[in-house]
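Chemist: This is model_1.txt, which holds compact mmCIF, C-alpha atoms:
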# COMPACT_ATOMS: atom_id res chain seq x y z
CA LEU A 1 53.50 -0.92 -44.49
CA PHE A 2 54.45 2.75 -44.44
CA VAL A 3 52.20 3.29 -47.45
CA ILE A 4 48.96 1.60 -46.32
CA GLY A 5 46.58 3.13 -43.81
CA GLY A 6 47.11 6.79 -44.65
CA ASP A 7 43.40 7.50 -44.15
CA ILE A 8 43.62 6.15 -40.60
CA VAL A 9 46.54 8.47 -39.83
CA ARG A 10 44.65 11.45 -41.28
CA THR A 11 41.53 10.65 -39.26
CA ALA A 12 43.53 10.13 -36.06
CA LEU A 13 45.23 13.50 -36.52
CA ALA A 14 41.91 15.25 -37.09
CA GLN A 15 40.33 13.49 -34.12
CA VAL A 16 42.93 14.17 -31.43
CA ILE A 17 43.42 17.87 -32.19
CA ASN A 18 41.72 19.85 -29.44
CA ASP A 19 41.46 23.62 -29.30
CA GLU A 20 42.27 23.72 -25.59
CA SER A 21 44.59 20.78 -24.99
CA ARG A 22 48.08 20.42 -26.44
CA ASP A 23 48.92 17.08 -24.81
CA VAL A 24 47.87 15.02 -27.84
CA VAL A 25 49.78 12.20 -29.47
CA VAL A 26 49.37 10.17 -32.66
CA GLY A 27 51.41 6.99 -32.75
CA PHE A 28 54.04 5.82 -35.21
CA GLY A 29 52.18 3.20 -37.21
CA PHE A 30 51.35 2.13 -40.73
CA GLY A 31 50.39 4.71 -43.33
CA TRP A 32 52.52 7.69 -42.39
CA ALA A 33 54.42 7.81 -45.69
CA GLN A 34 51.18 7.68 -47.67
CA TYR A 35 49.66 10.39 -45.50
CA ALA A 36 52.77 12.58 -45.81
CA MET A 37 52.66 12.48 -49.61
CA SER A 38 48.90 13.11 -49.80
CA SER A 39 49.22 15.99 -47.30
CA LEU A 40 51.05 17.98 -49.98
CA ILE A 41 47.90 18.19 -52.13
CA PRO A 42 46.27 21.01 -50.11
CA VAL A 43 49.65 22.76 -49.84
CA PHE A 44 50.16 23.02 -53.59
CA SER A 45 46.49 23.67 -54.32
CA GLY A 46 46.23 26.42 -51.70
CA GLN A 47 43.38 24.69 -49.87
CA ARG A 48 42.73 23.98 -46.21
CA ASN A 49 41.11 20.54 -46.50
CA VAL A 50 43.54 18.62 -44.31
CA ALA A 51 40.81 16.93 -42.24
CA PRO A 52 38.63 14.11 -43.61
CA PRO A 53 35.12 14.93 -44.85
CA PRO A 54 32.28 14.49 -42.33
CA GLU A 55 31.22 10.88 -41.91
CA ILE A 56 27.53 11.73 -41.50
CA ARG A 57 26.84 13.15 -44.93
CA ASP A 58 23.19 14.07 -44.29
CA MET A 59 23.79 15.93 -41.03
CA GLN A 60 22.05 19.28 -40.61
CA VAL A 61 22.67 22.14 -38.20
CA MET A 62 19.73 24.45 -37.53
CA ASN A 63 20.08 27.84 -35.91
CA MET A 64 16.82 27.69 -33.99
CA THR A 65 16.96 31.37 -33.12
CA ALA A 66 16.88 32.43 -36.78
CA GLY A 67 15.51 29.25 -38.36
CA HIS A 68 18.46 28.76 -40.73
CA VAL A 69 19.36 25.19 -41.69
CA ARG A 70 22.82 24.31 -42.98
CA THR A 71 24.18 21.10 -44.38
CA ASN A 72 27.13 20.19 -42.20
CA HIS A 73 30.63 20.24 -43.70
CA SER A 74 32.51 19.93 -40.41
CA PHE A 75 34.33 16.73 -39.46
CA VAL A 76 34.19 17.46 -35.73
CA LEU A 77 30.44 18.23 -35.67
CA SER A 78 29.79 14.97 -37.50
CA ARG A 79 31.80 13.10 -34.87
CA LEU A 80 30.04 14.97 -32.06
CA LEU A 81 26.62 13.92 -33.38
CA ARG A 82 27.75 10.32 -33.85
CA ASP A 83 28.98 10.04 -30.28
CA LEU A 84 26.01 11.88 -28.77
CA GLU A 85 23.73 9.35 -30.45
CA LYS A 86 25.77 6.52 -28.96
CA HIS A 87 25.68 8.17 -25.54
CA VAL A 88 21.90 8.59 -25.53
CA ASP A 89 21.00 5.22 -27.04
CA SER A 90 23.66 3.22 -25.14
CA GLY A 91 23.18 0.22 -27.40
CA SER A 92 19.39 0.10 -26.99
CA GLY A 93 18.88 -0.53 -30.70
CA LYS A 94 15.68 1.53 -30.74
CA VAL A 95 14.30 2.58 -34.10
CA GLY A 96 11.46 4.86 -35.13
CA GLY A 97 9.89 7.73 -33.26
CA LEU A 98 11.83 10.81 -32.28
CA SER A 99 14.11 11.62 -29.36
CA VAL A 100 15.04 15.23 -28.66
CA THR A 101 17.84 15.87 -26.18
CA ILE A 102 18.38 19.38 -24.83
CA VAL A 103 21.78 20.22 -23.38
CA ASP A 104 23.53 23.44 -22.37
CA THR A 105 27.12 24.46 -22.93
CA MET A 106 29.21 25.28 -19.89
CA ASP A 107 32.61 26.71 -18.99
CA ASP A 108 35.60 24.38 -18.98
CA PRO A 109 35.35 22.51 -15.64
CA THR A 110 38.73 20.74 -15.88
CA LYS A 111 40.64 23.46 -14.02
CA LYS A 112 39.11 22.22 -10.77
CA MET A 113 39.43 18.51 -11.56
CA GLU A 114 41.95 15.96 -10.40
CA LEU A 115 43.90 14.02 -13.04
CA MET A 116 41.64 10.95 -13.04
CA GLU A 117 38.54 13.15 -13.23
CA LYS A 118 40.00 14.85 -16.30
CA PHE A 119 40.56 11.49 -17.95
CA LYS A 120 36.95 10.48 -17.29
CA TYR A 121 35.69 13.81 -18.59
CA ARG A 122 37.86 14.17 -21.70
CA GLY A 123 38.79 10.58 -22.42
CA TRP A 124 41.72 8.33 -21.67
CA PRO A 125 45.13 9.24 -23.17
CA ILE A 126 45.28 6.43 -25.72
CA GLY A 127 48.12 8.06 -27.64
CA HIS A 128 50.33 8.41 -24.57
CA VAL A 129 49.79 4.80 -23.52
CA THR A 130 50.56 3.64 -27.06
CA MET A 131 53.72 5.74 -27.24
CA ALA A 132 54.96 4.40 -23.88
CA ALA A 133 54.44 0.80 -25.01
CA GLN A 134 56.23 1.49 -28.28
CA MET A 135 59.15 3.12 -26.51
CA LEU A 136 59.64 0.15 -24.19
CA LEU A 137 59.48 -2.31 -27.07
CA SER A 138 61.86 -0.30 -29.26
CA LEU A 139 64.41 -0.05 -26.44
CA LYS A 140 64.24 -3.80 -25.98
CA ALA A 141 64.77 -4.29 -29.72
CA GLY A 142 67.84 -2.07 -29.83
CA GLY A 143 69.77 -1.28 -32.98
CA MET A 144 68.08 1.22 -35.31
CA VAL A 145 64.57 0.60 -33.98
CA PRO A 146 64.59 3.15 -31.10
CA ILE A 147 66.22 5.75 -33.36
CA ILE A 148 63.58 5.28 -36.05
CA PHE A 149 60.82 5.38 -33.44
CA ILE A 150 62.08 8.61 -31.86
CA LEU A 151 62.50 10.30 -35.24
CA ALA A 152 59.02 9.18 -36.29
CA GLN A 153 57.47 10.49 -33.08
CA ILE A 154 59.18 13.85 -33.59
CA LEU A 155 57.77 14.07 -37.12
CA ALA A 156 54.30 13.09 -35.88
CA SER A 157 54.42 15.71 -33.11
CA CYS A 158 55.52 18.40 -35.56
CA THR A 159 52.62 17.47 -37.85
CA LEU A 160 50.19 18.00 -34.97
CA GLU A 161 51.68 21.43 -34.31
CA LEU A 162 50.76 22.80 -37.75
CA PRO A 163 48.19 25.59 -37.10
CA VAL A 164 46.06 24.52 -40.06
CA TRP A 165 44.56 21.64 -38.07
CA LYS A 166 42.92 23.84 -35.45
CA LYS A 167 42.00 26.51 -37.99
CA GLU A 168 40.09 23.96 -40.06
CA LYS A 169 38.60 21.90 -37.25
CA PHE A 170 37.39 24.90 -35.24
CA ALA A 171 36.60 27.36 -38.04
CA ALA A 172 34.05 29.36 -36.07
CA ARG A 173 33.52 32.40 -33.91
CA ARG A 174 32.98 32.17 -30.18
CA GLY A 175 30.32 33.80 -28.08
CA GLY A 176 26.68 34.55 -28.69
CA ASP A 177 23.52 33.28 -27.07
CA ASP A 178 22.06 30.98 -29.69
CA VAL A 179 20.26 27.65 -29.84
CA TYR A 180 21.30 24.99 -32.35
CA ALA A 181 19.77 21.68 -33.40
CA LEU A 182 22.14 18.93 -34.54
CA MET A 183 20.40 16.18 -36.49
CA ARG A 184 20.43 13.89 -39.48
CA GLY A 185 17.04 15.18 -40.58
CA ASN A 186 13.72 13.60 -41.45
CA GLY A 187 13.55 9.83 -41.03
CA ASN A 188 16.16 9.72 -38.28
CA ARG A 189 15.56 9.26 -34.59
CA HIS A 190 17.69 11.88 -32.84
CA VAL A 191 17.80 15.65 -32.48
CA PHE A 192 20.24 17.34 -30.11
CA ILE A 193 19.42 20.91 -29.14
CA VAL A 194 22.50 22.75 -27.88
CA ARG A 195 21.92 25.99 -26.00
CA THR A 196 25.02 28.19 -25.80
CA LYS A 197 24.90 29.30 -22.18
CA ALA A 198 28.67 29.71 -21.69
CA PRO A 199 30.16 32.97 -23.03
CA ASN A 200 33.01 31.16 -24.79
CA SER A 201 30.81 28.67 -26.67
CA TRP A 202 31.40 27.91 -30.34
CA ASN A 203 29.12 29.28 -33.05
CA LEU A 204 27.99 25.94 -34.47
CA GLU A 205 26.42 27.50 -37.55
CA ASP A 206 29.82 28.92 -38.50
CA MET A 207 31.46 25.58 -37.85
CA ALA A 208 28.93 23.66 -39.94
CA ALA A 209 29.38 25.98 -42.91
CA ALA A 210 33.17 25.55 -43.02
CA SER A 211 33.03 28.24 -45.67
CA ILE A 212 36.72 29.23 -45.76
CA HIS A 213 38.57 26.86 -48.08
CA ASP A 214 41.51 28.91 -49.34
CA TYR A 215 44.59 28.84 -47.14
CA ASP A 216 47.91 30.66 -47.33
CA TRP A 217 50.57 27.97 -47.34
CA TYR A 218 53.26 30.27 -48.77
CA ASN A 219 54.94 30.87 -45.42
CA TRP A 220 56.78 28.86 -42.78
CA GLU A 221 53.83 26.48 -42.44
CA GLY A 222 53.99 25.43 -46.08
CA VAL A 223 57.75 24.96 -45.84
CA ALA A 224 57.24 22.86 -42.70
CA ALA A 225 54.61 20.69 -44.41
CA VAL A 226 56.94 20.00 -47.33
CA GLY A 227 59.82 19.35 -44.93
CA LEU A 228 57.73 16.88 -42.96
CA ALA A 229 56.79 15.00 -46.12
CA ILE A 230 60.46 14.75 -47.08
CA GLY A 231 61.30 13.66 -43.53
CA TRP A 232 58.78 10.82 -43.68
CA PHE A 233 60.13 9.70 -47.05
CA VAL A 234 63.70 9.63 -45.67
CA LEU A 235 62.52 7.74 -42.59
CA PHE A 236 60.73 5.27 -44.84
CA ALA A 237 63.99 4.64 -46.71
CA LEU A 238 65.85 4.28 -43.40
CA ALA A 239 63.30 1.76 -42.11
CA CYS A 240 63.65 -0.29 -45.29
CA SER A 241 67.35 -0.72 -44.51
CA VAL A 242 66.62 -2.46 -41.20
CA LYS A 243 67.29 -6.18 -41.50
CA ASP A 244 68.08 -7.85 -38.18
CA GLN A 245 65.43 -5.97 -36.17
CA ALA A 246 62.76 -5.92 -38.89
CA GLY A 247 60.40 -8.04 -36.79
CA TRP A 248 60.79 -5.71 -33.81
CA LEU A 249 60.14 -2.67 -35.98
CA LEU A 250 57.03 -4.34 -37.35
CA ALA A 251 55.82 -5.00 -33.79
CA VAL A 252 56.41 -1.37 -32.78
CA MET A 253 54.49 -0.11 -35.80
CA THR A 254 51.67 -2.60 -35.18
CA ILE A 255 51.17 -1.22 -31.67
CA GLY A 256 51.13 2.30 -33.07
CA HIS A 257 48.64 1.33 -35.74
CA ILE A 258 46.29 -0.21 -33.18
CA GLY A 259 46.57 2.93 -31.06
CA ASN A 260 45.81 5.08 -34.10
CA LEU A 261 42.73 2.99 -34.86
CA PHE A 262 41.43 3.68 -31.36
CA SER A 263 42.34 7.37 -31.59
CA ALA A 264 40.65 7.71 -34.97
CA PHE A 265 37.41 5.84 -34.40
CA TYR A 266 36.71 5.14 -30.72
CA PRO A 267 33.72 7.15 -29.37
CA ARG A 268 34.57 10.16 -27.23
CA SER A 269 32.82 12.42 -24.78
CA PRO A 270 31.79 15.89 -26.02
CA ALA A 271 34.79 17.32 -24.15
CA GLY A 272 37.02 14.92 -26.08
CA HIS A 273 35.83 16.69 -29.22
CA GLY A 274 36.39 20.16 -27.76
CA PHE A 275 32.82 20.93 -26.63
CA HIS A 276 31.88 21.45 -22.99
CA LEU A 277 28.31 20.21 -22.67
CA ASP A 278 26.59 19.71 -19.33
CA MET A 279 25.47 16.13 -19.98
CA ASN A 280 24.56 15.63 -16.31
CA LYS A 281 21.70 18.10 -16.71
CA LYS A 282 20.50 17.10 -20.15
CA GLN A 283 16.78 16.68 -20.80
CA THR A 284 15.40 14.10 -23.22
CA ILE A 285 11.90 14.14 -24.69
CA ALA A 286 11.05 10.99 -26.64
CA ASN A 287 7.95 9.36 -28.06
CA ALA A 288 7.14 6.58 -30.50
CA LYS A 289 5.32 9.19 -32.62
CA VAL A 290 7.29 12.10 -34.03
CA MET A 291 4.41 14.58 -33.77
CA GLU A 292 3.84 13.78 -30.11
CA THR A 293 7.50 14.45 -29.38
CA LEU A 294 7.35 17.82 -31.14
CA LYS A 295 4.16 18.79 -29.31
CA GLU A 296 5.64 17.91 -25.93
CA LEU A 297 8.81 19.77 -26.86
CA GLU A 298 6.78 22.85 -27.82
CA VAL A 299 4.87 22.80 -24.54
CA GLU A 300 8.03 22.55 -22.44
CA HIS A 301 10.24 24.79 -24.59
CA GLU A 302 8.27 27.35 -26.54
CA GLY A 303 9.30 27.65 -30.18
CA TYR A 304 11.52 24.57 -30.30
CA GLY A 305 8.92 22.16 -31.66
CA GLU A 306 7.57 24.65 -34.19
CA LYS A 307 11.02 25.25 -35.66
CA LEU A 308 11.44 21.51 -36.29
CA LEU A 309 8.04 20.99 -37.96
CA GLY A 310 9.29 21.81 -41.45
CA THR A 311 12.12 19.28 -41.12
CA PHE A 312 10.03 16.32 -39.99
CA PHE A 313 6.77 17.15 -41.79
CA PRO A 314 7.78 18.72 -45.11
CA GLY A 315 4.56 17.55 -46.79
CA GLY A 316 2.23 19.35 -44.39
CA LEU A 317 0.09 18.34 -41.40
CA TRP A 318 -3.19 16.55 -40.78
CA ASP A 319 -6.13 18.80 -39.91
CA ASP A 320 -6.08 17.84 -36.22
CA ASP A 321 -2.40 18.68 -36.00
CA LYS A 322 -2.92 21.95 -37.88
CA ASN A 323 -5.57 22.93 -35.36
CA TRP A 324 -3.32 22.04 -32.42
CA TRP A 325 -0.44 24.16 -33.70
CA ALA A 326 -2.79 27.01 -34.62
CA ASP A 327 -4.26 26.98 -31.11
CA ARG A 328 -0.77 26.88 -29.66
CA LYS A 329 0.30 29.83 -31.79
CA ASN A 330 -2.76 31.85 -30.76
CA LYS A 331 -2.06 31.03 -27.13
CA ASN A 332 1.48 32.37 -27.54
CA GLY A 333 0.31 35.61 -29.10
CA GLY A 334 -0.03 34.58 -32.73
CA ASP A 335 3.51 35.54 -33.75
CA SER A 336 4.73 32.83 -36.14
CA ASN A 337 8.17 34.44 -36.35
CA LYS A 338 8.73 34.48 -32.64
CA THR A 339 12.21 33.33 -31.69
CA VAL A 340 12.70 30.31 -29.51
CA ALA A 341 12.88 30.69 -25.78
CA LYS A 342 16.46 30.42 -24.55
Take the structure in the file and give it back as structure tokens.
Modeler:
Amino acid sequence: LFVIGGDIVRTALAQVINDESRDVVVGFGFGWAQYAMSSLIPVFSGQRNVAPPPEIRDMQVMNMTAGHVRTNHSFVLSRLLRDLEKHVDSGSGKVGGLSVTIVDTMDDPTKKMELMEKFKYRGWPIGHVTMAAQMLLSLKAGGMVPIIFILAQILASCTLELPVWKKEKFAARRGGDDVYALMRGNGNRHVFIVRTKAPNSWNLEDMAAASIHDYDWYNWEGVAAVGLAIGWFVLFALACSVKDQAGWLLAVMTIGHIGNLFSAFYPRSPAGHGFHLDMNKKQTIANAKVMETLKELEVEHEGYGEKLLGTFFPGGLWDDDKNWWADRKNKNGGDSNKTVAK
């Protein structure tokens, strides 16, 4: 059981890492030995690809200020889009048309929040609850089980402390006053326009590009990664020697595996992904017809709708629509290269 479920461990690690919060936990469950061995591949190849690839393969990130469109290569942006779609739709099951949601970034509000408010804002501490349940069960089991559990949790915590996780997940500059569109592209229902109002906001175009692949492992971090892999292999051998408490150990690992499943795949708030978005003040423009949504968007937010035309109408426009956009452009001064209003 140590050697099945390595992908779940890898995804859980990538999911819980947060640039601002260090109180993250990944449980001792199935798959750690498999993950530990596979984690050596980027070390020996000199690469930084420790996180899984993005789940939404067709995701695009548009810099609406400059008009650049990038195919997304970021795991965290893919997860952000997935969970924003869930948040907006809320299980409505709607298909067709176009929904554009406009949201602003904001400064981290958690400094003024009480503990329960932080949980509601960032998400509940699944890893901590899982670890507490595992600890209680391992103490009840006795024998080698609590020792194995404690050693495993130390190895898991050390894995989370490797700097490569944050460097890959948040490979972007901060600052700037840009506007970005997160979307799956033509044929999909949602577009999320993120306006970077806070001075410490991430550059989402940088993050989407994920252009830095080489990584210097020939230092203490590479030694630590190899040491952790060896540690998991030794722990695997130690766990195999457990006889009388094997059932208890299996129960402890099962709880950890369930917790890791939640950590890896359960939807999170934007803050749970490391993005402070003011969802309470979001604006949504939606219509059963894509063109009507873009026209309404253009009227309310000059330049936004025009920038998205090429994405949703790559084959050109009907004459009536051409006339509408031409009239709109003339009304705005006739500058087709005008940047979007921020």
Chemist: Could you please determine the separation between CA of Leu249 in chain A and CA of Ser38 in chain A in Å, to one decimal place?
Modeler: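 These atoms are spaced 23.8 Å apart.
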Chemist: For the contact check between range 68-185 of chain A and range 26-33 of chain A, emit one row per residue of range 68-185 of chain A within 7 Å, containing the shortest atom pair and the distance in Å rounded to one decimal, counting all atoms listed in the file, chain then rising number order, as a Markdown table.
Modeler:
| residue | atom | partner | partner_atom | distance |
| --- | --- | --- | --- | --- |
| A:Gly127 | CA | A:Val26 | CA | 5.6 |
| A:Thr130 | CA | A:Gly27 | CA | 6.7 |
| A:Met131 | CA | A:Gly27 | CA | 6.1 |
| A:Ala152 | CA | A:Phe28 | CA | 6.1 |
| A:Gln153 | CA | A:Phe28 | CA | 6.2 |
| A:Ala156 | CA | A:Val26 | CA | 6.6 |
Chemist: List as a PyMOL selection string the protein and nucleic acid residues near Lys331 in chain A, meaning an atom at most 12 Å away when all atoms listed in the file are counted, but skip any in the same chain fewer than 6 places from it.
Modeler: chain A and resi 299+302+324-325
Chemist: Residues within 10 Å of Asn203 in chain A, please, as a list of chain:residue names. Count only C-alpha atoms; anything in the same chain fewer than 6 positions from it doesn't count.
Modeler: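 So, after excluding close chain neighbours, the residues are A:Asn63, A:Phe170, A:Ala171, A:Ala172, A:Arg173, A:Arg174, A:Gly175, A:Gly176, A:Asp177, A:Asp178, A:Val179, A:Tyr180, A:Thr196.
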Chemist: For the residues in the current selection, export C-alpha atoms as a PDB file, keeping the file's coordinate frame.
Modeler:
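Printed below is part.pdb as written:
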ATOM      1  CA  ASN A  63      20.080  27.840 -35.910  1.00  0.00           C
ATOM      2  CA  PHE A 170      37.390  24.900 -35.240  1.00  0.00           C
ATOM      3  CA  ALA A 171      36.600  27.360 -38.040  1.00  0.00           C
ATOM      4  CA  ALA A 172      34.050  29.360 -36.070  1.00  0.00           C
ATOM      5  CA  ARG A 173      33.520  32.400 -33.910  1.00  0.00           C
ATOM      6  CA  ARG A 174      32.980  32.170 -30.180  1.00  0.00           C
ATOM      7  CA  GLY A 175      30.320  33.800 -28.080  1.00  0.00           C
ATOM      8  CA  GLY A 176      26.680  34.550 -28.690  1.00  0.00           C
ATOM      9  CA  ASP A 177      23.520  33.280 -27.070  1.00  0.00           C
ATOM     10  CA  ASP A 178      22.060  30.980 -29.690  1.00  0.00           C
ATOM     11  CA  VAL A 179      20.260  27.650 -29.840  1.00  0.00           C
ATOM     12  CA  TYR A 180      21.300  24.990 -32.350  1.00  0.00           C
ATOM     13  CA  THR A 196      25.020  28.190 -25.800  1.00  0.00           C
TER      14      THR A 196
END
Chemist: Identify the residues around (43.6, 10.2, -48.3) within a radius of 12 Å, measuring from only C-alpha atoms in the coordinates stated by the file, and give them as an NGL selection string.
Modeler: :A and (3-11 or 31-42 or 49-53)
Chemist: Between A:Phe149, A:Ile258, A:Glu300, A:Val103, which has the minimum distance to Leu137 in chain A (counting only C-alpha atoms)?
Modeler: A:Phe149
Chemist: Emit as AutoDock Vina command-line options the padded axis-aligned box for all listed atoms of range 246-257 of chain A, 5 Å per side, with centre and edge lengths in Å to one decimal.
Modeler:
--center_x 55.7 --center_y -2.9 --center_z -35.3 --size_x 24.1 --size_y 20.3 --size_z 17.2
